[in-house]
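Reproduced below: entry01.txt, with compact mmCIF, C-alpha atoms.
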# COMPACT_ATOMS: atom_id res chain seq x y z
CA MET C 1 -22.90 5.15 6.99
CA ALA C 2 -20.14 3.74 4.80
CA GLU C 3 -17.44 5.64 6.74
CA SER C 4 -17.94 2.98 9.34
CA SER C 5 -16.87 0.46 6.70
CA SER C 6 -13.14 0.26 7.04
CA LEU C 7 -10.56 0.16 4.32
CA THR C 8 -9.56 -3.46 3.89
CA ILE C 9 -6.33 -4.39 2.11
CA ALA C 10 -5.37 -8.02 1.62
CA GLY C 11 -8.02 -9.01 4.12
CA GLN C 12 -6.68 -6.66 6.76
CA ALA C 13 -9.16 -4.06 7.97
CA LEU C 14 -7.38 -0.81 8.67
CA PRO C 15 -8.60 1.49 11.44
CA SER C 16 -8.41 4.58 9.25
CA ARG C 17 -8.25 5.63 5.61
CA LEU C 18 -5.49 8.07 6.45
CA ILE C 19 -1.94 6.80 5.98
CA ILE C 20 0.86 8.84 7.46
CA GLY C 21 4.50 9.10 6.51
CA THR C 22 7.00 9.38 9.34
CA SER C 23 9.64 11.65 7.83
CA ARG C 24 10.56 15.31 8.30
CA TYR C 25 8.95 15.84 11.72
CA PRO C 26 10.68 18.36 13.96
CA SER C 27 11.20 15.71 16.62
CA LEU C 28 10.34 12.14 17.48
CA SER C 29 8.13 13.45 20.24
CA THR C 30 6.13 15.46 17.73
CA LEU C 31 5.84 12.46 15.44
CA GLY C 32 4.46 10.41 18.29
CA LYS C 33 1.89 13.07 19.15
CA CYS C 34 0.84 13.30 15.50
CA VAL C 35 0.32 9.57 15.31
CA GLY C 36 -1.76 9.76 18.45
CA ALA C 37 -3.84 12.62 17.06
CA ALA C 38 -4.42 11.16 13.60
CA LYS C 39 -4.74 7.47 14.49
CA PRO C 40 -3.71 6.47 10.96
CA GLY C 41 -4.39 3.15 9.31
CA LEU C 42 -0.77 2.66 8.33
CA LEU C 43 2.58 4.28 9.04
CA THR C 44 5.17 4.34 6.28
CA VAL C 45 8.83 3.84 7.08
CA ALA C 46 12.05 3.59 5.09
CA ILE C 47 14.93 1.12 5.16
CA ARG C 48 18.42 2.55 5.47
CA ARG C 49 21.94 1.73 6.57
CA SER C 50 22.29 1.21 10.26
CA LYS C 51 24.55 3.74 11.92
CA GLY C 52 24.86 1.75 15.10
CA GLU C 53 23.31 4.50 17.20
CA GLY C 54 20.18 2.83 18.51
CA ASN C 55 16.75 3.11 17.05
CA ASP C 56 14.49 5.31 19.16
CA PHE C 57 12.34 5.82 16.10
CA TYR C 58 11.41 2.17 15.83
CA HIS C 59 10.79 1.84 19.53
CA LEU C 60 8.51 4.88 19.42
CA LEU C 61 6.39 3.44 16.62
CA SER C 62 6.27 0.07 18.31
CA LYS C 63 4.22 1.61 21.10
CA PHE C 64 1.34 2.16 18.69
CA ASN C 65 -0.69 -0.77 17.50
CA ILE C 66 -0.44 0.41 13.89
CA ARG C 67 0.88 -1.62 10.99
CA LEU C 68 4.18 -0.35 9.61
CA LEU C 69 4.44 -0.09 5.84
CA PRO C 70 8.05 -0.16 4.65
CA ASN C 71 8.78 1.66 1.42
CA THR C 72 11.35 1.26 -1.31
CA ALA C 73 12.20 4.95 -1.43
CA GLY C 74 15.45 5.72 -3.16
CA CYS C 75 15.31 2.67 -5.41
CA ARG C 76 15.95 3.40 -9.07
CA ASN C 77 15.14 0.08 -10.67
CA ALA C 78 13.19 -3.11 -10.10
CA HIS C 79 16.21 -5.02 -8.82
CA GLU C 80 16.90 -2.50 -6.05
CA ALA C 81 13.24 -2.27 -5.10
CA CYS C 82 12.83 -6.05 -4.89
CA THR C 83 15.99 -6.33 -2.82
CA ILE C 84 14.78 -3.73 -0.33
CA ALA C 85 11.35 -5.36 -0.17
CA ARG C 86 12.86 -8.73 0.69
CA LEU C 87 15.05 -7.18 3.35
CA ALA C 88 12.10 -5.28 4.78
CA ARG C 89 10.15 -8.51 5.00
CA GLU C 90 12.57 -9.92 7.51
CA LEU C 91 13.33 -6.61 9.18
CA LEU C 92 9.72 -5.86 10.07
CA ASP C 93 8.21 -9.31 9.71
CA THR C 94 5.78 -8.07 7.08
CA ASN C 95 5.10 -8.87 3.47
CA TRP C 96 3.50 -5.47 2.91
CA ILE C 97 5.50 -3.04 0.82
CA LYS C 98 4.95 0.47 -0.47
CA LEU C 99 6.58 0.05 -3.84
CA GLU C 100 8.21 3.09 -5.36
CA VAL C 101 10.81 3.22 -8.09
CA ILE C 102 11.98 6.71 -8.89
CA ALA C 103 13.22 7.60 -12.37
CA ASP C 104 13.98 11.26 -11.92
CA GLU C 105 15.57 12.62 -8.77
CA GLU C 106 14.58 16.22 -9.36
CA THR C 107 10.88 15.62 -9.82
CA GLN C 108 10.72 12.30 -7.97
CA THR C 109 8.79 10.93 -10.92
CA PRO C 110 8.14 7.19 -10.75
CA ASP C 111 9.58 4.91 -13.43
CA PRO C 112 6.48 3.17 -14.77
CA PHE C 113 8.35 0.35 -16.51
CA GLU C 114 10.59 -0.65 -13.62
CA LEU C 115 7.67 -0.19 -11.25
CA LEU C 116 5.51 -2.67 -13.10
CA THR C 117 8.38 -5.15 -13.38
CA ALA C 118 9.05 -4.91 -9.65
CA ALA C 119 5.36 -5.25 -8.82
CA GLU C 120 5.02 -8.42 -10.86
CA LYS C 121 8.08 -9.97 -9.21
CA LEU C 122 7.01 -9.11 -5.68
CA LEU C 123 3.44 -10.23 -6.21
CA ALA C 124 4.80 -13.57 -7.38
CA GLU C 125 6.62 -13.76 -4.03
CA ASP C 126 3.38 -13.16 -2.12
CA PHE C 127 4.04 -9.57 -1.17
CA VAL C 128 1.16 -7.22 -0.52
CA VAL C 129 2.05 -4.44 -2.93
CA LEU C 130 0.87 -0.85 -2.63
CA ALA C 131 2.31 0.80 -5.71
CA TYR C 132 3.12 4.51 -5.85
CA CYS C 133 2.68 5.79 -9.39
CA THR C 134 1.63 8.70 -11.53
CA ASP C 135 -1.98 9.35 -12.48
CA ASP C 136 -1.46 7.78 -15.91
CA LEU C 137 -4.54 5.66 -16.51
CA VAL C 138 -2.82 2.89 -18.43
CA LEU C 139 -0.11 2.52 -15.80
CA CYS C 140 -2.71 2.35 -13.05
CA GLN C 141 -4.61 -0.25 -15.04
CA ARG C 142 -1.50 -2.35 -15.60
CA LEU C 143 -0.63 -2.26 -11.92
CA ALA C 144 -4.17 -3.25 -11.01
CA ASP C 145 -4.18 -6.01 -13.61
CA ALA C 146 -0.90 -7.32 -12.22
CA GLY C 147 -2.66 -7.76 -8.89
CA CYS C 148 -1.38 -4.86 -6.82
CA HIS C 149 -3.38 -4.64 -3.62
CA ALA C 150 -3.55 -0.87 -3.86
CA VAL C 151 -2.66 1.56 -6.63
CA MET C 152 -1.49 4.93 -5.37
CA PRO C 153 -1.36 7.68 -7.99
CA TRP C 154 0.18 10.96 -7.00
CA GLY C 155 -1.88 14.09 -6.54
CA ALA C 156 1.22 16.17 -7.34
CA PRO C 157 4.98 15.65 -7.01
CA ILE C 158 6.21 14.39 -3.64
CA GLY C 159 6.49 17.08 -1.01
CA SER C 160 5.20 19.81 -3.32
CA GLY C 161 2.01 20.52 -1.39
CA GLN C 162 0.32 21.49 -4.65
CA GLY C 163 -2.77 19.45 -3.93
CA LEU C 164 -4.59 17.59 -6.68
CA THR C 165 -3.20 19.26 -9.78
CA ALA C 166 -5.18 17.04 -12.15
CA PRO C 167 -8.39 16.01 -10.41
CA ASP C 168 -10.02 15.12 -13.71
CA ARG C 169 -7.31 12.54 -14.39
CA LEU C 170 -7.71 11.10 -10.92
CA ALA C 171 -11.46 10.97 -11.45
CA ILE C 172 -11.01 9.02 -14.68
CA VAL C 173 -8.72 6.54 -12.92
CA ARG C 174 -11.36 6.11 -10.24
CA GLU C 175 -14.09 5.61 -12.79
CA CYS C 176 -12.12 3.08 -14.84
CA LEU C 177 -10.78 1.11 -11.88
CA ALA C 178 -13.96 0.80 -9.87
CA ASP C 179 -12.89 -2.38 -8.10
CA THR C 180 -9.32 -1.35 -7.31
CA ILE C 181 -8.22 0.14 -4.02
CA LEU C 182 -6.99 3.61 -4.94
CA ILE C 183 -5.07 5.86 -2.61
CA VAL C 184 -3.79 9.33 -3.43
CA ASP C 185 -0.14 9.42 -2.48
CA ALA C 186 2.03 12.53 -2.60
CA GLY C 187 1.45 16.18 -3.27
CA ILE C 188 -1.37 16.80 -0.84
CA GLY C 189 -0.79 20.07 1.02
CA ARG C 190 -4.02 20.87 2.81
CA PRO C 191 -6.82 18.99 4.50
CA SER C 192 -9.15 20.23 1.77
CA ASP C 193 -6.97 18.40 -0.76
CA ALA C 194 -7.49 15.19 1.18
CA THR C 195 -11.21 15.82 1.31
CA GLN C 196 -11.23 16.40 -2.43
CA ALA C 197 -9.48 13.08 -3.01
CA MET C 198 -11.98 11.25 -0.86
CA GLU C 199 -14.88 13.05 -2.54
CA LEU C 200 -13.58 11.69 -5.84
CA GLY C 201 -14.16 8.25 -4.42
CA TYR C 202 -10.60 7.39 -3.47
CA ASP C 203 -10.20 4.83 -0.75
CA GLY C 204 -7.56 6.68 1.22
CA VAL C 205 -4.80 9.26 1.20
CA LEU C 206 -1.17 9.20 2.24
CA ILE C 207 0.16 12.33 3.90
CA ASN C 208 3.61 13.19 5.21
CA THR C 209 5.12 16.58 4.52
CA ALA C 210 1.88 18.52 4.96
CA ILE C 211 1.67 17.32 8.54
CA ALA C 212 5.34 17.16 9.42
CA THR C 213 6.16 20.69 8.27
CA ALA C 214 3.01 22.41 9.53
CA GLY C 215 3.35 25.16 12.10
CA ASP C 216 1.50 22.90 14.53
CA PRO C 217 1.94 19.35 13.24
CA VAL C 218 -0.25 17.76 15.90
CA SER C 219 -3.24 19.97 15.11
CA MET C 220 -2.65 19.43 11.41
CA ALA C 221 -2.62 15.67 11.91
CA SER C 222 -5.99 15.94 13.60
CA ALA C 223 -7.28 18.19 10.82
CA PHE C 224 -6.27 15.67 8.17
CA ALA C 225 -8.00 12.87 10.04
CA SER C 226 -11.19 14.91 10.09
CA SER C 227 -10.87 15.88 6.44
CA VAL C 228 -10.50 12.30 5.28
CA LYS C 229 -13.52 11.26 7.28
CA ALA C 230 -15.57 14.18 5.93
CA GLY C 231 -14.61 13.45 2.34
CA LYS C 232 -15.46 9.79 2.63
CA GLU C 233 -18.81 10.52 4.26
CA ALA C 234 -19.60 13.06 1.56
CA TYR C 235 -18.75 10.64 -1.24
CA ASP C 236 -20.86 7.91 0.29
CA ALA C 237 -23.73 10.33 0.89
CA GLY C 238 -23.87 11.17 -2.81
CA ILE C 239 -22.56 14.54 -3.91
CA MET C 240 -24.90 16.69 -5.96
CA PRO C 241 -23.92 17.30 -9.57
CA ARG C 242 -22.67 20.70 -10.62
CA HIS C 243 -25.09 22.83 -12.65
CA ALA C 244 -24.24 25.59 -15.05
CA THR C 245 -27.10 27.78 -13.89
CA ALA C 246 -28.80 28.72 -10.65
CA ARG C 247 -31.36 26.43 -9.05
CA PRO C 248 -33.38 28.34 -6.45
CA SER C 249 -33.31 26.60 -3.12
CA SER C 250 -36.45 28.26 -1.74
CA PRO C 251 -39.95 27.85 -3.19
CA GLN C 252 -40.92 30.59 -5.57
CA LEU C 253 -43.52 32.99 -4.23
CA ALA C 254 -47.06 32.35 -5.41
CA VAL C 255 -48.05 35.97 -4.92
CA ASP C 256 -46.59 39.14 -6.28
CA PHE C 257 -45.43 41.49 -3.52
CA THR C 258 -43.92 43.90 -5.93
CA LEU C 259 -44.63 47.38 -4.64
CA PRO C 260 -46.58 49.60 -7.00
CA ARG C 261 -44.44 52.24 -8.58
CA ARG C 262 -45.07 55.78 -7.49
CA MET G 263 44.15 -18.45 6.91
CA ARG G 264 43.39 -15.95 4.14
CA LYS G 265 43.38 -12.22 4.69
CA PHE G 266 41.30 -9.99 2.46
CA THR G 267 39.19 -6.86 2.30
CA VAL G 268 35.43 -6.52 2.44
CA GLN G 269 33.08 -3.53 2.55
CA ALA G 270 30.50 -3.12 5.28
CA ASN G 271 28.11 -0.16 5.15
CA GLY G 272 30.59 1.66 2.95
CA ASN G 273 33.64 1.09 5.15
CA SER G 274 36.58 -1.15 4.26
CA TYR G 275 37.64 -3.88 6.66
CA GLN G 276 40.67 -6.15 6.51
CA ILE G 277 39.55 -9.55 7.74
CA ASP G 278 40.49 -13.18 7.75
CA ASP G 279 38.30 -16.13 7.02
CA ASP G 280 38.17 -17.74 10.44
CA ARG G 281 34.94 -16.11 11.60
CA SER G 282 31.32 -16.04 10.56
CA LEU G 283 29.44 -13.03 9.31
CA ARG G 284 27.61 -12.86 12.63
CA GLU G 285 30.93 -12.58 14.48
CA TRP G 286 32.20 -9.88 12.16
CA LEU G 287 29.02 -7.84 12.58
CA ALA G 288 29.54 -8.00 16.33
CA GLN G 289 33.20 -7.03 15.90
CA TRP G 290 32.19 -3.99 13.81
CA GLN G 291 29.31 -3.19 16.19
CA LEU G 292 26.87 -3.31 13.33
CA ASP G 293 24.49 -5.59 15.20
CA THR G 294 23.69 -3.20 18.01
CA VAL G 295 20.70 -1.49 16.42
CA ARG G 296 17.57 -3.61 16.52
CA PRO G 297 15.91 -4.57 14.37
CA PHE G 298 18.49 -5.00 11.64
CA VAL G 299 18.75 -7.02 8.47
CA VAL G 300 21.75 -8.00 6.39
CA ALA G 301 22.52 -8.25 2.70
CA VAL G 302 25.72 -9.46 1.08
CA ASN G 303 26.26 -8.44 -2.52
CA ASP G 304 22.62 -7.37 -2.72
CA GLU G 305 21.40 -10.76 -1.56
CA HIS G 306 19.46 -11.07 1.68
CA VAL G 307 21.13 -13.19 4.35
CA ALA G 308 18.54 -14.35 6.86
CA HIS G 309 19.35 -14.00 10.55
CA ALA G 310 19.33 -17.75 10.87
CA GLN G 311 22.13 -17.94 8.32
CA LEU G 312 24.44 -15.27 9.73
CA ALA G 313 26.32 -17.69 11.96
CA LEU G 314 26.85 -20.04 9.04
CA ARG G 315 27.85 -17.49 6.45
CA THR G 316 31.52 -16.85 5.70
CA LEU G 317 32.83 -13.96 3.68
CA GLU G 318 34.80 -13.79 0.45
CA PRO G 319 37.20 -11.16 -0.85
CA GLY G 320 35.38 -8.08 -2.08
CA ASP G 321 32.07 -8.92 -0.47
CA ARG G 322 29.79 -5.94 0.04
CA ILE G 323 27.84 -6.14 3.27
CA GLU G 324 24.90 -3.89 4.05
CA VAL G 325 23.36 -3.77 7.50
CA LEU G 326 20.04 -1.99 7.37
CA THR G 327 17.42 -0.86 9.83
CA VAL G 328 14.14 0.96 9.82
CA CYS G 329 14.09 4.76 9.72
CA GLN G 330 11.76 7.65 9.05
CA GLY G 331 10.20 7.62 5.60
CA GLY G 332 7.17 8.77 3.66
Kindly return the structure encoded in the file as structure tokens.
Amino acid sequence: MAESSSLTIAGQALPSRLIIGTSRYPSLSTLGKCVGAAKPGLLTVAIRRSKGEGNDFYHLLSKFNIRLLPNTAGCRNAHEACTIARLARELLDTNWIKLEVIADEETQTPDPFELLTAAEKLLAEDFVVLAYCTDDLVLCQRLADAGCHAVMPWGAPIGSGQGLTAPDRLAIVRECLADTILIVDAGIGRPSDATQAMELGYDGVLINTAIATAGDPVSMASAFASSVKAGKEAYDAGIMPRHATARPSSPQLAVDFTLPRR
Amino acid sequence: MRKFTVQANGNSYQIDDDRSLREWLAQWQLDTVRPFVVAVNDEHVAHAQLALRTLEPGDRIEVLTVCQGG
């Protein structure tokens, strides 16, 4: 049912609720096969100094009819992030930006204050902003109130593969921001983590390291695509509530077959 | 003709002021990777402006392209 309804951001219907990062793959060939297996809705890319050595990476991605989502990875304040976003706009002819402003290198923790400042500036310049943030409810609310097109709280620190370390917090964000597009970004390690995020009612997930560093990245890409679809279908189907006690699933017997004691 | 130093992608270059930014990028072979985008002193310089833009002493030029990222 609703799985057939696509994720739509800024009026653009995406072919999948799975977003894939393009870093850390063992080879460009493997990356290409993963993209083919997962058929993601978006592909994230970074902006870096040109080394004058050609760009096979870009030409590979260009073969797929998938929107590229440039990020502001490595930016430490709003000024840097806005500068990269403006450069990315011309570079890739897109006003979409995955906005991230990192405060702490070790934990890759987002800077909520600079993030919000950057989001407000870029939204005023007609960017489509997908903001990577923590699962802090107030921060997510402020980003949504600012007009971000998607709010993307982490499941766990970037690249940690810990899965959803605070599902209750993510559930509260979902409950409080019912009309906001929410995507779990970062920390997902297994397909079951992605399913869990979708079962919480999230609109999508962003995966990179879990696919890129798998023993068989192509199979893992396919597994994640299936897990996202399963989680979305389950959420839309209506998941039963948890009960503290047993609820027999078979009808109770109307007759007593208890054998007489000897 | 003035001679002065600028930085491009972290490297120092001694230049003079008789050429445009577009010509210098070609000279330094920083325009070979496509697509690319240019910033001078953190300010975006649109492709349409590269041929019109001249450089000043101490300018910091960044030539960027798309790469793998999460």
(request) Name all residues at most 8 Å from range 266-283 of chain G (count all atoms listed in the file; drop same-chain ones fewer than 6 positions away) and give them as a ChimeraX atom specification. (result) /C:49-50 /G:312-325
Interface, chain G side, toward chain C (6 Å; only C-alpha atoms) as a PDB file with C-alpha atoms, keeping the file's coordinate frame:
ATOM      1  CA  LEU G 292      26.870  -3.310  13.330  1.00  0.00           C
ATOM      2  CA  THR G 294      23.690  -3.200  18.010  1.00  0.00           C
ATOM      3  CA  VAL G 295      20.700  -1.490  16.420  1.00  0.00           C
ATOM      4  CA  PHE G 298      18.490  -5.000  11.640  1.00  0.00           C
ATOM      5  CA  VAL G 299      18.750  -7.020   8.470  1.00  0.00           C
ATOM      6  CA  VAL G 325      23.360  -3.770   7.500  1.00  0.00           C
ATOM      7  CA  LEU G 326      20.040  -1.990   7.370  1.00  0.00           C
ATOM      8  CA  THR G 327      17.420  -0.860   9.830  1.00  0.00           C
ATOM      9  CA  VAL G 328      14.140   0.960   9.820  1.00  0.00           C
ATOM     10  CA  CYS G 329      14.090   4.760   9.720  1.00  0.00           C
ATOM     11  CA  GLN G 330      11.760   7.650   9.050  1.00  0.00           C
ATOM     12  CA  GLY G 331      10.200   7.620   5.600  1.00  0.00           C
ATOM     13  CA  GLY G 332       7.170   8.770   3.660  1.00  0.00           C
TER      14      GLY G 332
END
(message) So the first atom is CA of Asn77 in chain C and the second is CA of Pro112 in chain C; what is the distance between them in Å, to one decimal place?
(response) 10.1 Å
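The coordinates place CA of Asp236 in chain C at 12.5 Å from CA of Thr195 in chain C.
Considering the residues C:Gly238, C:Ala194, C:Ile9, C:Thr109 and counting only C-alpha atoms, Val151 in chain C has its shortest atom-to-atom contact with C:Ile9.
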(request) Please indicate the distance in Å from CA of Ala225 in chain C to CA of Lys33 in chain C, rounded to one decimal place. (result) 13.4 Å
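Residue nearest Cys133 in chain C within the list C:Leu170, C:Ala85, C:Ala246, C:Ala38: C:Leu170 [criterion: smallest interatomic distance, only C-alpha atoms].
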(message) If we count all atoms listed in the file and set the cut-off at 9 Å, which residues sit around Leu182 in chain C, ignoring sequence neighbours fewer than 5 positions away in its own chain? Please answer as a PyMOL selection string.
(response) chain C and resi 150-153+173-174+177+201-205
